[in-house]
$ cat work_24.tsv   # TSV, C-alpha atoms
chain	number	residue	atom	x	y	z
Y	561	MET	CA	0.00	0.00	0.00
Y	562	ARG	CA	1.61	3.23	-1.14
Y	563	LYS	CA	1.68	5.87	1.57
Y	564	SER	CA	2.60	9.50	1.70
Y	565	THR	CA	3.62	10.83	5.11
Y	566	ILE	CA	4.87	14.38	5.60
Y	567	LEU	CA	6.81	15.32	8.71
Y	568	LEU	CA	5.69	18.23	10.81
Y	569	ALA	CA	9.07	19.96	10.36
Y	570	CYS	CA	8.64	19.94	6.60
Y	571	LEU	CA	5.13	21.27	6.91
Y	572	LEU	CA	6.22	24.13	9.09
Y	573	LEU	CA	9.02	25.00	6.69
Y	574	ALA	CA	6.59	24.99	3.81
Y	575	GLY	CA	4.07	27.03	5.76
Y	576	SER	CA	1.25	24.85	4.45
Y	577	TRP	CA	0.02	22.77	7.36
Y	578	ALA	CA	-3.65	23.44	6.70
Y	579	GLN	CA	-3.38	22.32	3.07
Y	580	ALA	CA	-0.85	19.47	3.25
Y	581	GLN	CA	-1.40	15.82	2.57
Y	582	VAL	CA	-0.52	14.13	5.85
Y	583	TYR	CA	-1.08	10.44	5.11
Y	584	SER	CA	-2.48	8.55	2.15
Y	585	ASP	CA	-2.86	4.94	1.05
Y	586	HIS	CA	-3.48	3.96	-2.58
Y	587	PHE	CA	-3.95	0.22	-1.99
Y	588	ASP	CA	-1.37	-0.80	-4.57
Y	589	ASN	CA	0.76	-3.52	-2.98
Y	590	GLY	CA	-1.69	-6.42	-2.77
Y	591	ASP	CA	-1.80	-6.49	1.03
Y	592	PRO	CA	-5.20	-5.98	2.70
Y	593	ALA	CA	-3.83	-7.08	6.09
Y	594	TYR	CA	-4.68	-3.75	7.68
Y	595	MET	CA	-8.40	-4.18	7.04
Y	596	GLY	CA	-10.61	-5.92	9.60
Y	597	GLY	CA	-13.81	-5.57	11.57
Y	598	SER	CA	-17.13	-7.38	11.45
Y	599	SER	CA	-17.39	-10.86	9.95
Y	600	SER	CA	-20.00	-9.40	7.58
Y	601	PHE	CA	-17.10	-8.01	5.52
Y	602	THR	CA	-14.35	-9.66	3.48
Y	603	PHE	CA	-11.52	-7.95	1.60
Y	604	SER	CA	-9.50	-8.33	-1.58
Y	605	GLU	CA	-6.92	-6.02	-3.09
Y	606	SER	CA	-6.07	-5.74	-6.77
Y	607	GLY	CA	-4.25	-3.09	-8.76
Y	608	THR	CA	-4.88	0.14	-6.88
Y	609	GLU	CA	-8.20	-0.80	-5.33
Y	610	ILE	CA	-9.44	-2.66	-2.31
Y	611	THR	CA	-12.84	-4.32	-2.62
Y	612	VAL	CA	-14.93	-4.71	0.50
Y	613	THR	CA	-17.64	-7.34	0.09
Y	614	ALA	CA	-20.55	-7.24	2.53
Y	615	THR	CA	-23.05	-9.99	3.29
Y	616	ASN	CA	-26.21	-8.94	5.14
Y	617	THR	CA	-24.62	-6.43	7.49
Y	618	GLY	CA	-26.00	-5.55	10.88
Y	619	ALA	CA	-27.21	-2.04	11.66
Y	620	PHE	CA	-23.83	-0.91	13.00
Y	621	ASP	CA	-21.41	-3.50	11.64
Y	622	ASN	CA	-18.19	-1.83	10.60
Y	623	PHE	CA	-14.98	-2.57	8.77
Y	624	THR	CA	-11.76	-1.06	10.02
Y	625	TYR	CA	-8.57	0.33	8.53
Y	626	GLN	CA	-5.38	0.72	10.57
Y	627	THR	CA	-2.87	3.45	9.73
Y	628	HIS	CA	0.62	1.97	9.37
Y	629	ASP	CA	4.11	2.40	7.96
Y	630	PRO	CA	4.34	0.89	4.45
Y	631	VAL	CA	7.93	-0.28	4.89
Y	632	THR	CA	7.97	-1.78	8.37
Y	633	GLY	CA	4.28	-2.58	8.70
Y	634	GLN	CA	4.25	-1.00	12.14
Y	635	ARG	CA	1.24	0.95	13.31
Y	636	VAL	CA	1.60	4.72	13.03
Y	637	LEU	CA	-0.44	7.56	14.46
Y	638	VAL	CA	-1.74	10.34	12.22
Y	639	ASP	CA	-2.14	13.95	13.32
Y	640	ALA	CA	-5.30	15.01	11.51
Y	641	THR	CA	-5.68	18.38	13.23
Y	642	GLY	CA	-4.09	20.37	10.40
Y	643	ASN	CA	-7.42	20.69	8.64
Y	644	ASN	CA	-9.34	17.82	10.26
Y	645	LYS	CA	-10.36	16.34	6.91
Y	646	VAL	CA	-10.26	12.79	5.58
Y	647	TYR	CA	-10.82	12.03	1.90
Y	648	VAL	CA	-11.99	8.65	0.60
Y	649	ARG	CA	-12.33	7.87	-3.10
Y	650	ALA	CA	-14.91	5.11	-3.32
Y	651	LYS	CA	-17.82	3.58	-5.21
Y	652	ALA	CA	-20.46	0.96	-4.43
Y	653	SER	CA	-22.38	-1.74	-6.24
Y	654	SER	CA	-25.64	0.12	-5.51
Y	655	VAL	CA	-26.42	3.81	-6.07
Y	656	GLY	CA	-27.35	5.50	-2.80
Y	657	THR	CA	-25.27	3.29	-0.49
Y	658	ALA	CA	-24.51	5.22	2.69
Y	659	LEU	CA	-20.96	5.13	4.05
Y	660	ARG	CA	-20.21	6.49	7.50
Y	661	LEU	CA	-16.66	7.12	8.71
Y	662	ASP	CA	-15.42	7.49	12.28
Y	663	VAL	CA	-11.78	7.95	13.26
Y	664	GLN	CA	-10.37	6.37	16.41
Y	665	ASP	CA	-7.47	7.61	18.52
Y	666	SER	CA	-4.65	5.59	20.08
Y	667	THR	CA	-6.54	5.06	23.33
Y	668	GLY	CA	-9.70	3.80	21.64
Y	669	TYR	CA	-11.91	6.88	21.72
Y	670	LEU	CA	-14.07	7.11	18.60
Y	671	THR	CA	-15.77	10.03	16.81
Y	672	SER	CA	-19.28	8.64	17.23
Y	673	LEU	CA	-20.65	12.18	17.46
Y	674	PRO	CA	-22.17	13.09	15.10
Y	675	GLY	CA	-21.36	10.12	12.82
Y	676	LEU	CA	-20.42	11.61	9.41
Y	677	THR	CA	-22.19	9.82	6.55
Y	678	LYS	CA	-21.83	10.26	2.78
Y	679	THR	CA	-23.64	8.72	-0.18
Y	680	LEU	CA	-21.96	6.51	-2.77
Y	681	THR	CA	-22.83	5.86	-6.41
Y	682	THR	CA	-21.69	3.16	-8.81
Y	683	GLU	CA	-19.06	5.58	-10.16
Y	684	TYR	CA	-16.08	6.81	-8.17
Y	685	LEU	CA	-16.64	9.87	-6.00
Y	686	VAL	CA	-14.27	11.56	-3.59
Y	687	LEU	CA	-15.95	11.87	-0.20
Y	688	GLU	CA	-14.85	14.58	2.21
Y	689	TYR	CA	-15.28	13.87	5.91
Y	690	ASP	CA	-14.65	17.03	7.94
Y	691	PHE	CA	-14.10	16.42	11.66
Y	692	THR	CA	-13.65	20.07	12.56
Y	693	GLY	CA	-15.19	20.53	16.02
Y	694	GLN	CA	-16.36	16.91	15.98
Y	695	TYR	CA	-13.66	14.93	17.79
Y	696	LEU	CA	-16.20	13.58	20.27
Y	697	ASP	CA	-17.12	10.10	21.50
Y	698	GLY	CA	-20.77	9.67	22.41
Y	699	GLY	CA	-20.08	6.85	24.82
Y	700	TYR	CA	-22.24	4.32	23.02
Y	701	GLY	CA	-20.11	1.33	24.01
Y	702	GLY	CA	-17.13	-0.44	22.53
Y	703	THR	CA	-14.74	2.38	23.49
Y	704	PRO	CA	-13.28	3.64	26.80
Y	705	CYS	CA	-16.03	6.28	26.81
Y	706	THR	CA	-19.02	5.12	28.81
Y	707	ALA	CA	-20.83	8.35	29.58
Y	708	GLY	CA	-20.08	10.72	26.74
Y	709	PRO	CA	-19.31	13.00	25.27
Y	710	CYS	CA	-15.61	12.26	25.66
Y	711	ASN	CA	-12.82	13.94	23.71
Y	712	VAL	CA	-11.10	12.13	20.84
Y	713	ASP	CA	-7.43	13.00	20.29
Y	714	GLY	CA	-7.31	14.16	16.65
Y	715	SER	CA	-3.52	14.36	16.83
Y	716	ALA	CA	-3.17	10.61	17.42
Y	717	ILE	CA	-5.50	8.82	15.01
Y	718	ALA	CA	-4.79	5.09	14.84
Y	719	ALA	CA	-7.73	3.69	12.87
Y	720	MET	CA	-10.70	4.42	10.65
Y	721	LEU	CA	-14.08	2.69	11.08
Y	722	PHE	CA	-16.48	2.48	8.14
Y	723	TYR	CA	-20.18	1.61	8.36
Y	724	ALA	CA	-22.19	0.57	5.28
Y	725	GLU	CA	-25.84	1.64	5.61
Y	726	PRO	CA	-25.35	2.71	9.26
Y	727	GLY	CA	-28.39	2.29	11.48
Y	728	VAL	CA	-30.13	0.23	8.81
Y	729	GLY	CA	-27.89	-2.70	7.93
Y	730	GLY	CA	-28.91	-5.52	5.66
Y	731	PHE	CA	-26.39	-4.40	3.07
Y	732	SER	CA	-25.14	-7.03	0.65
Y	733	GLY	CA	-22.84	-5.86	-2.10
Y	734	THR	CA	-19.45	-4.27	-2.61
Y	735	ILE	CA	-17.69	-1.04	-1.75
Y	736	VAL	CA	-14.49	-0.35	-3.68
Y	737	ILE	CA	-11.95	2.11	-2.27
Y	738	ASP	CA	-9.23	3.66	-4.41
Y	739	TYR	CA	-7.52	5.64	-1.67
Y	740	VAL	CA	-7.82	7.12	1.80
Y	741	SER	CA	-6.07	10.40	2.55
Y	742	PHE	CA	-5.70	12.69	5.56
Y	743	GLY	CA	-5.28	16.42	4.94
Y	744	THR	CA	-5.91	16.82	1.21
Y	745	PRO	CA	-6.93	14.44	-1.57
Y	746	PRO	CA	-3.98	13.14	-3.61
Y	747	ASP	CA	-5.61	14.01	-6.92
Y	748	THR	CA	-8.51	15.94	-8.41
Y	749	VAL	CA	-11.77	15.58	-6.52
Y	750	ILE	CA	-13.69	14.26	-9.53
Y	751	SER	CA	-11.76	13.06	-12.57
Y	752	SER	CA	-13.28	12.50	-16.00
Y	753	ASP	CA	-11.78	11.53	-19.34
Y	754	VAL	CA	-14.80	13.03	-21.11
Y	755	TYR	CA	-15.08	16.54	-19.64
Y	756	GLN	CA	-14.57	18.29	-16.33
Y	757	ASN	CA	-14.47	21.84	-15.03
Y	758	HIS	CA	-13.44	22.52	-11.45
Y	759	PHE	CA	-14.10	26.26	-11.84
Y	760	ASP	CA	-10.52	27.18	-11.03
Y	761	ASP	CA	-10.17	29.35	-14.14
Y	762	PRO	CA	-11.81	32.82	-14.20
Y	763	LEU	CA	-12.71	32.12	-17.85
Y	764	SER	CA	-15.22	29.57	-16.56
Y	765	VAL	CA	-17.74	32.40	-16.28
Y	766	GLY	CA	-17.72	32.60	-20.07
Y	767	SER	CA	-18.95	29.02	-20.33
Y	768	PHE	CA	-22.36	30.27	-19.26
Y	769	SER	CA	-23.45	31.42	-22.70
Y	770	PHE	CA	-26.88	32.47	-21.50
Y	771	VAL	CA	-27.94	33.66	-18.06
Y	772	SER	CA	-31.62	34.43	-17.61
Y	773	PRO	CA	-32.65	37.73	-16.02
Y	774	GLY	CA	-32.85	37.28	-12.28
Y	775	PHE	CA	-29.49	35.45	-12.13
Y	776	SER	CA	-25.86	36.55	-12.07
Y	777	ILE	CA	-22.65	34.50	-12.16
Y	778	ALA	CA	-19.41	34.97	-10.22
Y	779	GLN	CA	-16.24	32.84	-10.06
Y	780	SER	CA	-13.90	32.81	-7.07
Y	781	GLY	CA	-11.08	30.41	-6.29
Y	782	THR	CA	-12.42	27.01	-7.27
Y	783	GLU	CA	-16.11	27.85	-6.98
Y	784	MET	CA	-18.79	29.19	-9.28
Y	785	ALA	CA	-21.65	31.07	-7.62
Y	786	ILE	CA	-25.07	31.56	-9.23
Y	787	ASN	CA	-26.90	34.36	-7.47
Y	788	GLY	CA	-30.67	34.73	-7.68
Y	789	ASP	CA	-32.46	37.99	-6.92
Y	790	GLY	CA	-35.96	36.48	-6.67
Y	791	THR	CA	-37.25	37.62	-10.07
Y	792	ALA	CA	-36.49	34.59	-12.28
Y	793	GLY	CA	-39.42	32.81	-13.91
Y	794	PRO	CA	-40.44	29.17	-13.36
Y	795	TYR	CA	-38.38	27.82	-16.27
Y	796	ASP	CA	-35.69	30.45	-16.82
Y	797	PRO	CA	-32.48	28.52	-17.63
Y	798	LEU	CA	-28.77	29.05	-17.39
Y	799	THR	CA	-26.97	27.57	-20.41
Y	800	TYR	CA	-23.50	26.09	-19.94
Y	801	ILE	CA	-21.40	25.31	-23.03
Y	802	PHE	CA	-18.26	23.15	-23.13
Y	803	THR	CA	-15.19	25.33	-23.65
Y	804	ASN	CA	-11.49	24.76	-24.20
Y	805	PHE	CA	-10.05	27.50	-22.00
Y	806	ALA	CA	-6.70	27.44	-23.80
Y	807	THR	CA	-8.23	28.25	-27.20
Y	808	LEU	CA	-11.68	29.49	-26.11
Y	809	ASP	CA	-13.17	27.14	-28.72
Y	810	THR	CA	-16.43	25.40	-27.89
Y	811	PHE	CA	-16.98	21.71	-28.57
Y	812	ASP	CA	-19.45	18.90	-28.05
Y	813	ILE	CA	-19.01	15.70	-26.03
Y	814	ASP	CA	-20.14	12.08	-26.21
Y	815	ILE	CA	-21.88	11.03	-22.98
Y	816	THR	CA	-23.04	7.61	-24.13
Y	817	GLY	CA	-20.27	5.81	-22.22
Y	818	ASN	CA	-22.41	5.92	-19.07
Y	819	ASN	CA	-24.77	8.90	-19.57
Y	820	LYS	CA	-24.02	10.28	-16.10
Y	821	LEU	CA	-23.27	13.83	-15.00
Y	822	TYR	CA	-21.89	14.70	-11.56
Y	823	VAL	CA	-22.30	18.13	-10.02
Y	824	LYS	CA	-20.85	19.10	-6.64
Y	825	ALA	CA	-23.04	21.91	-5.35
Y	826	LYS	CA	-24.70	23.54	-2.37
Y	827	SER	CA	-27.27	26.28	-1.78
Y	828	SER	CA	-27.66	29.10	0.69
Y	829	THR	CA	-31.38	28.25	0.81
Y	830	VAL	CA	-32.55	24.99	2.36
Y	831	GLY	CA	-34.43	22.70	-0.04
Y	832	THR	CA	-33.36	24.42	-3.27
Y	833	THR	CA	-33.94	22.20	-6.32
Y	834	LEU	CA	-31.58	21.99	-9.30
Y	835	ARG	CA	-32.67	20.47	-12.60
Y	836	VAL	CA	-30.19	19.72	-15.40
Y	837	ASP	CA	-30.99	18.86	-19.02
Y	838	VAL	CA	-28.45	18.02	-21.72
Y	839	GLN	CA	-28.86	19.57	-25.17
Y	840	ASP	CA	-27.37	18.28	-28.42
Y	841	ILE	CA	-25.85	20.26	-31.30
Y	842	SER	CA	-29.27	20.45	-32.99
Y	843	SER	CA	-30.81	21.97	-29.83
Y	844	PHE	CA	-32.86	18.93	-28.84
Y	845	ALA	CA	-32.97	18.82	-25.01
Y	846	SER	CA	-33.55	15.91	-22.62
Y	847	THR	CA	-36.89	17.11	-21.26
Y	848	GLN	CA	-38.11	13.53	-20.97
Y	849	GLY	CA	-35.82	13.11	-18.01
Y	850	SER	CA	-36.31	16.46	-16.29
Y	851	ILE	CA	-33.96	15.21	-13.59
Y	852	THR	CA	-34.19	17.35	-10.47
Y	853	LYS	CA	-32.13	17.05	-7.29
Y	854	ILE	CA	-32.43	18.75	-3.90
Y	855	LEU	CA	-29.45	20.77	-2.70
Y	856	ASP	CA	-28.16	20.94	0.85
Y	857	THR	CA	-26.54	23.91	2.53
Y	858	GLU	CA	-23.33	21.85	2.61
Y	859	TYR	CA	-21.62	20.45	-0.47
Y	860	THR	CA	-23.05	17.21	-1.84
Y	861	ILE	CA	-22.27	15.41	-5.09
Y	862	LEU	CA	-25.36	15.03	-7.26
Y	863	GLU	CA	-25.67	12.29	-9.88
Y	864	TYR	CA	-27.78	12.98	-12.98
Y	865	ASP	CA	-28.30	9.74	-14.92
Y	866	PHE	CA	-29.66	10.31	-18.44
Y	867	THR	CA	-29.80	6.62	-19.32
Y	868	GLY	CA	-33.07	5.98	-21.14
Y	869	VAL	CA	-34.25	9.61	-21.00
Y	870	LEU	CA	-32.39	11.19	-23.92
Y	871	ALA	CA	-35.57	12.43	-25.56
Y	872	ASP	CA	-37.19	15.82	-26.12
Y	873	LEU	CA	-40.92	16.03	-25.33
Y	874	GLY	CA	-41.46	19.13	-27.45
Y	875	TYR	CA	-42.40	21.68	-24.81
Y	876	GLY	CA	-41.04	24.57	-26.87
Y	877	GLY	CA	-37.71	26.30	-27.17
Y	878	THR	CA	-36.19	23.49	-29.23
Y	879	PRO	CA	-36.73	22.15	-32.78
Y	880	CYS	CA	-38.98	19.48	-31.26
Y	881	THR	CA	-42.70	20.31	-31.26
Y	882	SER	CA	-45.66	18.58	-29.69
Y	883	SER	CA	-46.59	17.15	-33.09
Y	884	THR	CA	-43.21	15.44	-33.54
Y	885	ALA	CA	-42.42	14.59	-29.91
Y	886	PRO	CA	-40.77	12.67	-28.47
Y	887	CYS	CA	-37.66	13.53	-30.46
Y	888	PRO	CA	-34.34	11.76	-29.84
Y	889	VAL	CA	-31.46	13.67	-28.26
Y	890	ASP	CA	-28.10	12.75	-29.76
Y	891	GLY	CA	-26.02	11.65	-26.77
Y	892	THR	CA	-22.90	11.47	-28.91
Y	893	ARG	CA	-23.02	15.22	-29.68
Y	894	ILE	CA	-24.01	17.03	-26.47
Y	895	ALA	CA	-23.26	20.73	-26.87
Y	896	ASP	CA	-24.45	22.27	-23.61
Y	897	LEU	CA	-26.17	21.85	-20.28
Y	898	LEU	CA	-29.35	23.62	-19.20
Y	899	PHE	CA	-29.59	24.43	-15.50
Y	900	PHE	CA	-32.92	25.30	-13.89
Y	901	ILE	CA	-33.00	26.50	-10.28
Y	902	GLU	CA	-36.36	25.89	-8.64
Y	903	PRO	CA	-37.89	24.57	-11.91
Y	904	GLY	CA	-41.63	25.15	-12.15
Y	905	VAL	CA	-41.50	27.65	-9.30
Y	906	GLY	CA	-38.80	30.21	-10.06
Y	907	ALA	CA	-38.28	33.38	-8.03
Y	908	PHE	CA	-35.11	31.96	-6.47
Y	909	THR	CA	-33.44	34.16	-3.89
Y	910	GLY	CA	-30.02	33.10	-2.69
Y	911	THR	CA	-26.83	31.53	-4.02
Y	912	VAL	CA	-26.16	28.14	-5.57
Y	913	THR	CA	-22.43	27.37	-5.46
Y	914	SER	CA	-20.70	24.64	-7.45
Y	915	ASP	CA	-17.24	23.26	-6.90
$ encode --input "work_24.tsv" --output "structure tokens"
Amino acid sequence: MRKSTILLACLLLAGSWAQAQVYSDHFDNGDPAYMGGSSSFTFSESGTEITVTATNTGAFDNFTYQTHDPVTGQRVLVDATGNNKVYVRAKASSVGTALRLDVQDSTGYLTSLPGLTKTLTTEYLVLEYDFTGQYLDGGYGGTPCTAGPCNVDGSAIAAMLFYAEPGVGGFSGTIVIDYVSFGTPPDTVISSDVYQNHFDDPLSVGSFSFVSPGFSIAQSGTEMAINGDGTAGPYDPLTYIFTNFATLDTFDIDITGNNKLYVKAKSSTVGTTLRVDVQDISSFASTQGSITKILDTEYTILEYDFTGVLADLGYGGTPCTSSTAPCPVDGTRIADLLFFIEPGVGAFTGTVTSD
């Protein structure tokens, strides 16, 4: 298992403690010996992945990972207090599988409060578990804490505990992990061979070729903010075109490999809905799908799956009319994305931010 450990002295010299990668494991030496836990789980490692196979898990069955030195095999302690974040790149055999992560210190105290849980899809996602202000053991048993909350020492993390479908159980399937990393992820949060934009280029604003009245766009750092002033109509869109930022040329993409779009986003307004349609080079849009997701006030990764819904129902605004609908959308030549905030309602006030 390939690791990356950075000494505190080096971090202080670099002046980058809050942003440094402290410890990472890429599961690339064919040795799953540092995985354990409930008998509901078995493990196999191949290439740069470890596959966790579950058979009818209990409500709080967990599998464990021990931090260790890759050369000697000895246990090591990780100081996660630089930015308190753990990143896990993982996927599951079933869309919607919940994966909770707790970290445990050298004396056995476990971050059972509040129990950070993320949602997996069948494609790889990078999950961010932020333990800032949450190094607390609830005293639920199985740790030295009996009447919590008890403090967990974030500077001496010895193990990670994962729960598949926590509180529910009954999970049978697989979870595949590509890496675990303390501090920062070792590579880009979401990686795509087809197209990706992490909004780290100010020119990203220009990719929004049309912004309906009532909305404005602003880019900062690695985020794109869509601001609503409360005047947008029920179906006023924002059109995003695919752009080569080196040449400023636009192009189309083929999404038929798996027909899925991932958007990492949040909203300042609780319960905000975000619909995304894809539109081909002939302006046919996937209104058959009308896939709408609900945003949280914290970042979540949304999956839009256009499999079987690449058709235009002819509602107007495209070459497809009610007399010719449904019209096929060419998934091999997708030219742009249509974003609708609060579709069918409109009048959005607040900010939707995408990473």
$ residues_around --input "work_24.tsv" --residues "stretch 794-809 of chain Y" --least-positions-apart "3" --cutoff "6 Å" --atoms "all atoms listed in the file" --output "PyMOL selection string"
chain Y and resi 767-772+896-900+903-906
$ closest_residue --input "work_24.tsv" --among "Y:Leu670, Y:Ile737, Y:Ala652, Y:Leu661" --to "Y:Gly702" --atoms "only C-alpha atoms"
Y:Leu670
$ closest_residue --input "work_24.tsv" --among "Y:Gly849, Y:Gly910, Y:Gly708, Y:Gly699" --to "Y:Gly774" --atoms "all atoms listed in the file"
Y:Gly910
$ atom_distance --input "work_24.tsv" --atom1 "atom CA of Y:Tyr875" --atom2 "atom CA of Y:Ser843"
12.6 Å
$ atom_distance --input "work_24.tsv" --atom1 "atom CA of Y:Phe775" --atom2 "atom CA of Y:Ser914"
14.7 Å
$ closest_residue --input "work_24.tsv" --among "Y:Ile854, Y:Ala724, Y:Cys705, Y:Ala792" --to "Y:Thr617" --atoms "all atoms listed in the file"
Y:Ala724
$ atom_distance --input "work_24.tsv" --atom1 "atom CA of Y:Pro745" --atom2 "atom CA of Y:Lys645"
9.3 Å
$ closest_residue --input "work_24.tsv" --among "Y:Thr860, Y:Asp915, Y:Phe811, Y:Ser606" --to "Y:Asp761" --atoms "all atoms listed in the file"
Y:Asp915
$ closest_residue --input "work_24.tsv" --among "Y:Thr867, Y:Ser828, Y:Thr657, Y:Thr667" --to "Y:Thr681" --atoms "only C-alpha atoms"
Y:Thr657
$ residues_around --input "work_24.tsv" --residues "stretch 713-716 of chain Y" --least-positions-apart "4" --cutoff "10 Å" --atoms "all atoms listed in the file" --output "short mmCIF file (atom, residue, chain, number, x, y, z; two decimals) with C-alpha atoms, keeping the file's coordinate frame"
data_model
loop_
_atom_site.label_atom_id
_atom_site.label_comp_id
_atom_site.auth_asym_id
_atom_site.auth_seq_id
_atom_site.Cartn_x
_atom_site.Cartn_y
_atom_site.Cartn_z
CA VAL Y 636 1.60 4.72 13.03
CA LEU Y 637 -0.44 7.56 14.46
CA VAL Y 638 -1.74 10.34 12.22
CA ASP Y 639 -2.14 13.95 13.32
CA ALA Y 640 -5.30 15.01 11.51
CA THR Y 641 -5.68 18.38 13.23
CA GLY Y 642 -4.09 20.37 10.40
CA ASN Y 644 -9.34 17.82 10.26
CA VAL Y 663 -11.78 7.95 13.26
CA GLN Y 664 -10.37 6.37 16.41
CA ASP Y 665 -7.47 7.61 18.52
CA SER Y 666 -4.65 5.59 20.08
CA THR Y 667 -6.54 5.06 23.33
CA GLY Y 668 -9.70 3.80 21.64
CA TYR Y 669 -11.91 6.88 21.72
CA LEU Y 670 -14.07 7.11 18.60
CA THR Y 671 -15.77 10.03 16.81
CA PHE Y 691 -14.10 16.42 11.66
CA THR Y 692 -13.65 20.07 12.56
CA GLN Y 694 -16.36 16.91 15.98
CA TYR Y 695 -13.66 14.93 17.79
CA LEU Y 696 -16.20 13.58 20.27
#
$ residues_around --input "work_24.tsv" --residues "Y:Phe623" --least-positions-apart "6" --cutoff "10 Å" --atoms "only C-alpha atoms" --output "PyMOL selection string"
chain Y and resi 595-603+612+614+661+720-724
$ decode --input "work_24.tsv" --residues "stretch 665-681 of chain Y" --atoms "C-alpha atoms" --output "PDB file, in the first residue's frame"
ATOM      1  CA  ASP Y 665      -7.473   7.610  18.524  1.00  0.00           C
ATOM      2  CA  SER Y 666      -4.653   5.593  20.080  1.00  0.00           C
ATOM      3  CA  THR Y 667      -6.539   5.057  23.329  1.00  0.00           C
ATOM      4  CA  GLY Y 668      -9.702   3.800  21.644  1.00  0.00           C
ATOM      5  CA  TYR Y 669     -11.908   6.882  21.719  1.00  0.00           C
ATOM      6  CA  LEU Y 670     -14.066   7.111  18.595  1.00  0.00           C
ATOM      7  CA  THR Y 671     -15.774  10.035  16.808  1.00  0.00           C
ATOM      8  CA  SER Y 672     -19.275   8.637  17.233  1.00  0.00           C
ATOM      9  CA  LEU Y 673     -20.648  12.176  17.455  1.00  0.00           C
ATOM     10  CA  PRO Y 674     -22.166  13.093  15.105  1.00  0.00           C
ATOM     11  CA  GLY Y 675     -21.364  10.116  12.820  1.00  0.00           C
ATOM     12  CA  LEU Y 676     -20.421  11.608   9.415  1.00  0.00           C
ATOM     13  CA  THR Y 677     -22.187   9.821   6.553  1.00  0.00           C
ATOM     14  CA  LYS Y 678     -21.832  10.265   2.776  1.00  0.00           C
ATOM     15  CA  THR Y 679     -23.644   8.723  -0.177  1.00  0.00           C
ATOM     16  CA  LEU Y 680     -21.962   6.514  -2.766  1.00  0.00           C
ATOM     17  CA  THR Y 681     -22.833   5.859  -6.412  1.00  0.00           C
TER      18      THR Y 681
END
